[in-house]
Amino acid sequence: MKKLIESAVEKGAKALSEYDAKQLLSSYGIPVTRETLVQNIEEALAAARAIGYPVVLKACAAELMHKSESGAVAVGIRDDAHLREAYERVAAATDIALQGVLVQEMVEGQRELVVGLNRDPQFGPCVMVGLGGILTEVLKDVAFRVAPFDTAEALEMLDELRCRDMLDAFRGQAPADKAALCEALVAVGRIGLEHTAVAEIDINPIIIDPRGRIKSVDALVVLNGSRH
Amino acid sequence: MTSPYETIPLYPLANPRSIAFFGASNRYTAMGTNQLNSILALGFEGAIYPIHPSESTVLGMQAYQDVQALPEVPDLAVLVMPTRLVAETLAACGRKGIRHAIVVSGGFKEVGGDGVQMEADLVAVARRHGMRFIGPNCLGVVNPHHRFNVTFANFEGRPGFIGMASQSGSLLTQMFRYLEQFQIGFSTGISVGNEADVDLVDCLEYLAACPHTRVITLYIETIRRGRRFIDTARRIAARKPIVAFYAGGSEAGRRAAFSHTGAMAGPDRLYDGVFAQSGIVRADSLTELFDFAWVLGQCAIPQGNRVIVQTHSGGPGAAAADACSRNGLSLPPFAPETLAKLRPLIPHTGSMNNPVDLTFSRDPMEYFRSIPEVLLQEPGADSMLLYCFTPRKNVMRIMQAEGLSEEEALQLAAQMAEEHSRKLADLVRQCGKPLLGFSYQNAEELIIRKILESGIPILPSPERAARALWALVHYGRIQAKLGA
């Protein structure tokens, strides 16, 4: 993982691609979507069949920090025909040279959290958890801790959220796997401590599925080239 | 024999036996003269050596031309002098063998430009001579237990149990009188200034060890040694409560963020996390900072969040109940045995629900003793809020109607106030639960003053009482988490 980050920094990248970001998270035990990086439609079809429809397609490049705004994402792809049509569109959505196209499982779930990392000049790496999705910055329902911290501290972060009741049994859905969430928070802090080149992380959203399992659906890792 | 407390680096800074004072003269308007006067006014018992280049006496004391001429090596040097002279004066103190200093002078890092380098020079001088110093750009230290007050304000108050480290110096001095009205006071207050050497973390270590300090308060604008601050506070908070007020922070200097996380990492939300992680009770206002310190220093820590409200007036009682529920405190119903004991004490117009509302207090003896005694024994409650209001004129009128002269009535009222407050305090101590009073009357009222003197806090409103009780409950949770 150190190599992955170092080579991105050497290339002058401001961020990791979503695929690389998820590799990093996954290597720290943080649950991420099942996904495959493909270079052509044949690989995309094979990947979609292996993952199982419905799937999501995303253009993948380090420079693409805000994919959904540029039409580089297609969700809810139901079958091969739909995939062929969407693939053309996503691959051509941007002029940026792509690392490939991500074929990703479509995660169902109405509960969305954001988990992140930033660096404070006095405290160093700080981990955030909050209400995710499009309302994140409107409601600003978030809690912070300074890394390192343990899972007991992480559990307290969840308890500080105004949306905490959403993590219990909620509208016919199972309670969220809080233990997994807490471990993810601790792990994000460890990434911050162990990789000084990582400036910021956004995992937004982490979706809690109806059975309570958590999965990182989108991830951004901002690099700290100049201060490396 | 020296206790571990006396070996703490800050000990001589707050408990000097002797002081070399730079910057006082016979000119009463000078800052330094004011500060030396503060030291004299509190009756400092050690030796004071004013240093002055031309005067032979300063404020009636023998003055010395330079520090080398002093007959002994003082514990502490206090420097209130022009910025450009500070570093060389500190160096002279170092050569004399002085190891502790308070640098009041400003004009250093806080003004930028040359000040930054001058502050670095100051630190270099201190390191070279193995000195520890508070400041620059501070108001110094007050330790009423040692009759030591270097701040420019006369100390008007009592030696108390509130330790404070403040990034605002004058705030400290303005609280002298403020705390006195509640019959409480500072154990030691430290104005940290620019924190070029001694910082908040050092102050935490000192106040944690200080036997007079029962609760530590912090006024914070920025924390410099982040991780160290968290670890130190967390270690202390298990056995001594820490309360902090954070006065916002500049967003400037923080790098522009690409992520949502970065965009939302405003200092205020981050500090919420830092305080939680440190085991620090966060006060939302300066008023709360001292309210929380007051009750944490005087009350038992409740086992849980269940509270009984006793009142004889509907409005304040309902307001207290409402404020409690907004602060996550619950008002439980009473056990049958409590109701049985309560029945003969409550008038038929009153309410035996929670809040207990007498509507009319027949007898202060019942109000301040018999009823709290029953309520404090309620097994389903952890704490109590007691509304205090005594219409003194009415009481006097009744006593005079029964044939007492005004003087006799006054004397009897004083006797009763003394007796009730003492018994109430005994009751509270024995049951091990916190009881907070709340009132719109203040210490000018005899019974209020007597209760305050007995060590029971009376907050100036139902809302402040409920918040203060929340702080006690919250600290109980912090202790449980930190494994105290």
# chains A, B, ... in the order shown; residues from 1 in each chain; ligands from 1
>>> residues_around(residues="A:Pro205", least_positions_apart="6", cutoff="8 Å", atoms="only C-alpha atoms", output="CSV table (one decimal) with N, CA and C atoms, in the first residue's frame")
chain,number,residue,atom,x,y,z
A,112,GLU,N,-27.2,6.0,5.3
A,112,GLU,CA,-25.9,6.4,4.8
A,112,GLU,C,-25.1,7.2,5.8
A,113,LEU,N,-23.9,6.8,6.0
A,113,LEU,CA,-23.0,7.5,6.9
A,113,LEU,C,-21.8,8.0,6.1
A,114,VAL,N,-21.1,9.0,6.7
A,114,VAL,CA,-19.8,9.5,6.1
A,114,VAL,C,-18.8,9.2,7.2
A,115,VAL,N,-17.6,8.7,6.7
A,115,VAL,CA,-16.5,8.6,7.6
A,115,VAL,C,-15.3,9.2,6.9
A,132,GLY,N,-24.4,10.6,6.4
A,132,GLY,CA,-23.8,10.7,5.1
A,132,GLY,C,-24.8,11.1,4.0
A,133,GLY,N,-24.4,10.9,2.8
A,133,GLY,CA,-25.3,11.2,1.7
A,133,GLY,C,-25.3,12.7,1.3
A,216,SER,N,-18.4,0.4,2.3
A,216,SER,CA,-18.0,1.7,1.7
A,216,SER,C,-18.3,1.7,0.2
A,217,VAL,N,-19.1,2.6,-0.2
A,217,VAL,CA,-19.6,2.7,-1.6
A,217,VAL,C,-18.8,3.6,-2.4
A,218,ASP,N,-18.4,4.7,-1.8
A,218,ASP,CA,-17.5,5.6,-2.6
A,218,ASP,C,-16.4,6.1,-1.6
A,219,ALA,N,-15.2,6.4,-2.2
A,219,ALA,CA,-14.1,6.8,-1.3
A,219,ALA,C,-13.2,7.7,-2.0
>>> select_by_dssp(residues="stretch 15-190 of chain A", states="helix (DSSP H, G or I)", output="PyMOL selection string")
chain A and resi 18-27+41-51+68-70+80-91+133-139+151-160+164-167+178-190
>>> interface_residues(of="chain A", to="chain B", cutoff="10 Å", atoms="only C-alpha atoms", output="PyMOL selection string")
chain A and resi 14-15+65+114-124+126-130+132+136-137+140-149+152-154+156-157+160+199-204+220-222
>>> closest_residue(among="B:Gln35, B:Ile19, B:Ser370, B:Tyr28", to="B:Pro71", atoms="only C-alpha atoms")
B:Ile19
>>> closest_residue(among="A:Ile77, A:Ala180, A:Leu4, A:Val198", to="A:Pro31", atoms="only C-alpha atoms")
A:Ala180
>>> closest_residue(among="B:Gly476, B:Val104, B:Asp382, B:Ser3", to="B:Lys240", atoms="only C-alpha atoms")
B:Gly476
>>> residues_around(residues="A:Val75", least_positions_apart="4", cutoff="8 Å", atoms="only C-alpha atoms", output="PDB file with C-alpha atoms, in the first residue's frame")
ATOM      1  CA  VAL A  55     -24.323  -3.084 -10.925  1.00  0.00           C
ATOM      2  CA  VAL A  56     -22.896   0.425 -11.007  1.00  0.00           C
ATOM      3  CA  LEU A  57     -20.410   1.774 -13.555  1.00  0.00           C
ATOM      4  CA  MET A 106     -25.077  -2.006  -6.290  1.00  0.00           C
TER       5      MET A 106
END
>>> atom_distance(atom1="atom CA of A:Ile41", atom2="atom CA of A:Ala13")
26.9 Å
>>> select_by_dssp(residues="stretch 31-127 of chain A", states="strand (DSSP E or B)", output="PyMOL selection string")
chain A and resi 32+35-38+55-60+73-77+100-105+111-120+124-127
